[in-house]
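To keep things clear, I will list the structure first and then write my remarks on it.
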Number of protein chains: 4
Amino acid sequence: MAEQPFSKLVGARLTVLAQGKAEIVVPIRTELLQQHGFVHGGVVSYAADNALTFAGGTFYGDGLTAEYKLSYLRPAQGEMLIARAETLYAGNRQAVCRCDVYVASNGSEKLCATALGTVANVNPSRKEA
Amino acid sequence: MAEQPFSKLVGARLTVLAQGKAEIVVPIRTELLQQHGFVHGGVVSYAADNALTFAGGTFYGDGLTAEYKLSYLRPAQGEMLIARAETLYAGNRQAVCRCDVYVASNGSEKLCATALGTVANVNPSRKEA
Amino acid sequence: MAEQPFSKLVGARLTVLAQGKAEIVVPIRTELLQQHGFVHGGVVSYAADNALTFAGGTFYGDGLTAEYKLSYLRPAQGEMLIARAETLYAGNRQAVCRCDVYVASNGSEKLCATALGTVANVNPSRKEA
Amino acid sequence: MAEQPFSKLVGARLTVLAQGKAEIVVPIRTELLQQHGFVHGGVVSYAADNALTFAGGTFYGDGLTAEYKLSYLRPAQGEMLIARAETLYAGNRQAVCRCDVYVASNGSEKLCATALGTVANVNPSRKEA
C-alpha cells in the first residue's frame with residue numbers, strides 16, 4: 001500500500017493482513033470530509049474497496065477488486081475509519097469478500113458502512129492457499 | 001461540490017448538472033494512481049458515487065447516496081476521468097441512478113467502470129421535479 | 001408467506017422469524033433445477049430476496065426489498081436450500097440486511113450464496129422496534 | 001433454456017439471443033404473484049439473472065452469472081414481464097452485463113427493475129467472439 005500514491009494522499013494504513021483478512025485504518029482529517037462535516041463517501045468507498053482487495057489478494061499473491069456493492073449505514077464522524085474485510089469463499093479465479101467499515105470516536109466503534117465484493121486472481125495459474 | 005474538502009483534495013469538477021443528470025471530471029495526476037500506474041479504484045468509486053448523488057439529488061434539492069454497486073471494466077489510464085450519471089427512476093423517497101465512468105486519453109474515451117445505485121431524498125417532504 | 005402464490009409454487013417455508021432475523025427453507029426438487037442438475041439461480045435469488053424482506057420487515061410491520069446484490073459462491077446441490085437473513089442496521093425509512101444461503105446435503109451445510117440488500121419500510125410513519 | 005426445469009415451472013421463453021444480447025419473456029399468471037397481486041420479486045430476479053447469463057454467455061459458448069445487483073423500481077402488474085440484457089464489456093474471463101426488466105400492460109411497457117451483473121466464462125480457454 002505504501003506504493004499506492006492515492007493511499008498516501010488519503011493517509012491510509014494497512015493494519016492487519018492475514019489469510020483471507022485485511023484491516024485498513026484511515027485517520028480522519030478535514031480534507032477527507034464532505035460539506036456536512038462527515039467523512040466523504042468516497043473515502044469510505046476507498047477504504048472498503050482496498051480492504052476487499054487485500055483480503056482476497058492474500059490467496060493469490062496479488063488481487064484486484066472486480067466489483068463491489070456498498071451500503072452506507074450511518075454518517076461517519078470521529079477520529080478514525082476502520083475497514084475490516086474477510087473472505088467468504090476463495091476459488092481459483094476469484095474470491096468473494098465482505099467488508100464492514102467502522103468509525104471510531106471517543107474509544108467506541110460504530111458500523112457506518114458494509115460492502116460485498118469480488119476480488120479477481122490477477123494470475124489465475126497461481127493460487128497460494 | 002466546492003464545499004466538499006475531499007472533492008478539492010481529489011481535484012474533481014462538476015461539469016454537468018441537469019434534471020436527473022450529472023457529470024464529474026477528475027484530471028488524472030500522479031497522486032491519484034495505484035502501484036501499477038492506473039487510476040486508483042478509490043478515485044473511480046469516488047467519481048461514480050458523487051455523480052450518482054448529484055444526478056439523483058436534482059430531484060430533491062439535496063440527495064445522499066444510500067448504496068451503490070460498481071463494476072470495474074478496464075484499468076484507467078489517461079488524462080481525465082469522466083463520470084456520467086443519469087436517473088432511471090425518481091420516486092418520492094429515492095431515485096435509482098446509473099453511472100458510466102470513462103477515461104479520456106488522446107482525444108478518445110473508453111468505458112472503464114459502471115455503477116448502479118440509490119440516492120435518498122434527504123428531505124422526503126420535498127420533491128422538486 | 002402462505003399468501004404468496006409464487007412461494008407456494010417454489011415450495012418455500014418461513015422457518016424462523018425473529019427481531020431482525022428470518023430463515024427460509026426450500027426443499028430441493030427437480031422442478032427447481034437448471035440444466036446441469038444444480039438449483040437454479042432464480043431459486044437461490046428468490047430465497048435470499050424473500051429472507052431479506054422478512055428480516056427487515058420485522059421492524060416495520062411490512063417490508064419490501066428495494067434492492068439487493070447477490071454473489072453465487074458454489075453450485076447448490078442437495079436436499080434443502082436454507083436462506084438466513086439478519087439486519088445490520090434499521091432506520092426509520094429502511095433496513096440494511098445480509099443473507100447467507102446454504103445448501104444442506106447429507107446432514108452438513110455449505111454456503112452457496114450471499115446477499116446484501118435494502119428493505120424499505122412500506123409505511124414510514126410506523127416503526128415497531 | 002428448454003433444458004432448465006425451473007424455467008419451465010416459471011414459464012419463461014428466450015425470445016432474443018444475439019451477440020451480447022438476450023431477451024426473456026415471462027407471461028404473468030397467478031402463480032407468479034406475491035400477496036399484493038404484483039409479480040413476485042423472485043420472478044423479476046429470475047428473469048434478470050437469466051437474461052444476464054444468456055447475454056454474457058453469447059461470448060463464451062456457456063456462461064454463468066457470478067453475481068448481480070438488482071434494483072426494483074415499480075411494482076410489476078400486467079400481462080408480461082420482459083427482461084432485456086446487453087453486454088457492456090466482455091473479457092476473456094468474464095463479461096459485465098446490464099439488464100432492464102419491463103412489464104407490458106395494455107400494449108405499453110414500463111421499466112420495473114434494473115440489474116447489473118457479471119457473467120463468468122465457464123470455459124476460460126475458449127472465447128468465441
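In the C-alpha cells, chains take the letters A, B, ... in the order shown, each chain's residues start at 1, and ligands count up from 1 in the order shown.
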Show me, as JSON, numbers by chain, the residues of chain D whose atoms get within 8 Å of chain C, using only C-alpha atoms for the distance check.
{"D": [1, 3, 4, 5, 6, 7, 8, 9, 30, 31, 32, 33, 34, 35, 40, 41, 42, 43, 45, 46, 47, 49, 50, 65, 66, 67, 68, 69, 70, 71, 72, 73]}
Chain fit, chain C moved to chain D over all Cα pairs in order, as a compact mmCIF listing (two decimals) with C-alpha atoms, in the first residue's frame:
# COMPACT_ATOMS: atom_id res chain seq x y z
CA MET C 1 -33.50 -22.78 -21.63
CA ALA C 2 -35.84 -25.61 -22.56
CA GLU C 3 -33.47 -27.80 -20.52
CA GLN C 4 -33.98 -25.79 -17.33
CA PRO C 5 -36.81 -27.35 -15.31
CA PHE C 6 -37.19 -24.14 -13.26
CA SER C 7 -37.59 -22.03 -16.40
CA LYS C 8 -40.40 -24.38 -17.44
CA LEU C 9 -42.01 -24.04 -14.01
CA VAL C 10 -41.89 -20.25 -14.33
CA GLY C 11 -43.00 -20.42 -17.95
CA ALA C 12 -40.20 -18.29 -19.37
CA ARG C 13 -39.20 -18.07 -23.01
CA LEU C 14 -35.93 -16.88 -24.55
CA THR C 15 -37.16 -14.53 -27.28
CA VAL C 16 -33.93 -12.86 -28.40
CA LEU C 17 -30.38 -14.17 -28.43
CA ALA C 18 -27.78 -12.19 -30.36
CA GLN C 19 -24.13 -11.23 -29.89
CA GLY C 20 -24.04 -9.83 -26.35
CA LYS C 21 -27.78 -9.55 -26.05
CA ALA C 22 -30.69 -11.61 -24.76
CA GLU C 23 -34.38 -11.12 -24.06
CA ILE C 24 -36.52 -13.30 -21.83
CA VAL C 25 -40.29 -13.09 -21.68
CA VAL C 26 -42.41 -14.38 -18.79
CA PRO C 27 -46.20 -14.40 -19.27
CA ILE C 28 -47.68 -13.28 -15.95
CA ARG C 29 -50.09 -15.68 -14.28
CA THR C 30 -51.48 -16.03 -10.76
CA GLU C 31 -48.83 -18.48 -9.55
CA LEU C 32 -46.12 -15.87 -10.13
CA LEU C 33 -47.59 -13.21 -7.86
CA GLN C 34 -46.99 -12.15 -4.26
CA GLN C 35 -49.63 -11.28 -1.67
CA HIS C 36 -50.46 -7.82 -3.06
CA GLY C 37 -51.16 -9.04 -6.60
CA PHE C 38 -47.84 -7.90 -8.09
CA VAL C 39 -45.30 -10.16 -9.76
CA HIS C 40 -43.12 -11.68 -7.03
CA GLY C 41 -39.65 -10.20 -6.80
CA GLY C 42 -38.28 -13.71 -7.17
CA VAL C 43 -39.71 -13.89 -10.68
CA VAL C 44 -38.28 -10.49 -11.62
CA SER C 45 -34.90 -11.60 -10.22
CA TYR C 46 -35.09 -14.91 -12.04
CA ALA C 47 -35.76 -13.16 -15.37
CA ALA C 48 -32.99 -10.58 -14.91
CA ASP C 49 -30.42 -13.13 -13.73
CA ASN C 50 -31.19 -15.50 -16.59
CA ALA C 51 -31.13 -12.76 -19.25
CA LEU C 52 -27.74 -11.65 -17.93
CA THR C 53 -26.44 -15.22 -18.19
CA PHE C 54 -27.61 -15.62 -21.77
CA ALA C 55 -26.37 -12.18 -22.90
CA GLY C 56 -22.89 -12.69 -21.45
CA GLY C 57 -22.88 -16.36 -22.41
CA THR C 58 -23.00 -15.49 -26.12
CA PHE C 59 -19.29 -14.70 -25.88
CA TYR C 60 -18.30 -17.94 -24.23
CA GLY C 61 -20.47 -20.74 -25.54
CA ASP C 62 -21.67 -21.19 -21.98
CA GLY C 63 -21.92 -18.62 -19.20
CA LEU C 64 -22.75 -18.49 -15.54
CA THR C 65 -23.95 -15.48 -13.58
CA ALA C 66 -21.32 -14.99 -10.88
CA GLU C 67 -23.05 -12.08 -9.14
CA TYR C 68 -25.56 -9.34 -9.81
CA LYS C 69 -27.30 -6.42 -8.19
CA LEU C 70 -30.93 -5.68 -8.83
CA SER C 71 -32.96 -2.57 -8.04
CA TYR C 72 -36.73 -2.75 -8.01
CA LEU C 73 -38.26 0.43 -9.43
CA ARG C 74 -42.01 -0.15 -9.63
CA PRO C 75 -44.41 -2.95 -8.70
CA ALA C 76 -44.94 -5.17 -11.76
CA GLN C 77 -48.52 -5.66 -12.79
CA GLY C 78 -49.62 -6.59 -16.30
CA GLU C 79 -49.56 -9.35 -18.87
CA MET C 80 -45.91 -9.96 -19.46
CA LEU C 81 -42.49 -9.47 -17.92
CA ILE C 82 -39.71 -8.70 -20.43
CA ALA C 83 -36.06 -8.82 -19.38
CA ARG C 84 -33.61 -7.30 -21.85
CA ALA C 85 -29.90 -7.71 -21.22
CA GLU C 86 -26.91 -6.29 -23.04
CA THR C 87 -23.16 -6.59 -22.58
CA LEU C 88 -21.06 -3.60 -21.57
CA TYR C 89 -17.73 -5.38 -21.61
CA ALA C 90 -16.60 -8.89 -22.44
CA GLY C 91 -13.13 -10.00 -21.50
CA ASN C 92 -11.55 -13.39 -21.60
CA ARG C 93 -12.70 -14.45 -18.17
CA GLN C 94 -15.96 -12.61 -17.71
CA ALA C 95 -18.49 -10.20 -19.11
CA VAL C 96 -20.26 -7.32 -17.38
CA CYS C 97 -23.88 -7.04 -18.44
CA ARG C 98 -26.84 -4.83 -17.70
CA CYS C 99 -30.49 -5.85 -17.76
CA ASP C 100 -33.66 -3.77 -17.78
CA VAL C 101 -36.89 -5.52 -16.83
CA TYR C 102 -40.16 -4.16 -18.22
CA VAL C 103 -43.74 -5.05 -17.53
CA ALA C 104 -46.07 -4.93 -20.51
CA SER C 105 -49.68 -3.99 -19.92
CA ASN C 106 -52.31 -2.91 -22.45
CA GLY C 107 -49.75 -2.51 -25.18
CA SER C 108 -47.33 -0.25 -23.30
CA GLU C 109 -44.18 -1.10 -21.35
CA LYS C 110 -42.90 0.23 -18.06
CA LEU C 111 -39.44 -0.23 -16.58
CA CYS C 112 -39.94 -2.10 -13.31
CA ALA C 113 -36.41 -3.23 -12.38
CA THR C 114 -32.81 -2.92 -13.48
CA ALA C 115 -29.80 -5.11 -12.86
CA LEU C 116 -26.03 -5.07 -13.30
CA GLY C 117 -24.01 -8.25 -13.09
CA THR C 118 -21.03 -10.38 -14.00
CA VAL C 119 -21.20 -13.47 -16.21
CA ALA C 120 -18.29 -15.86 -15.89
CA ASN C 121 -16.81 -17.71 -18.84
CA VAL C 122 -17.37 -21.32 -17.81
CA ASN C 123 -14.50 -22.44 -19.98
CA PRO C 124 -11.85 -19.67 -19.89
CA SER C 125 -9.71 -21.29 -22.58
CA ARG C 126 -12.44 -20.52 -25.07
CA LYS C 127 -13.75 -17.16 -26.17
CA GLU C 128 -15.93 -17.12 -29.23
CA ALA C 129 -16.21 -13.46 -30.09
If you run DSSP on the backbone, which residues of segment 10-108 of chain D are strand (DSSP E), as a count of residues only?
47
What parts of chain C does DSSP call helix (DSSP H, G or I)? I'd like the answer as a PyMOL selection string.
chain C and resi 5-10+30-32+41-57
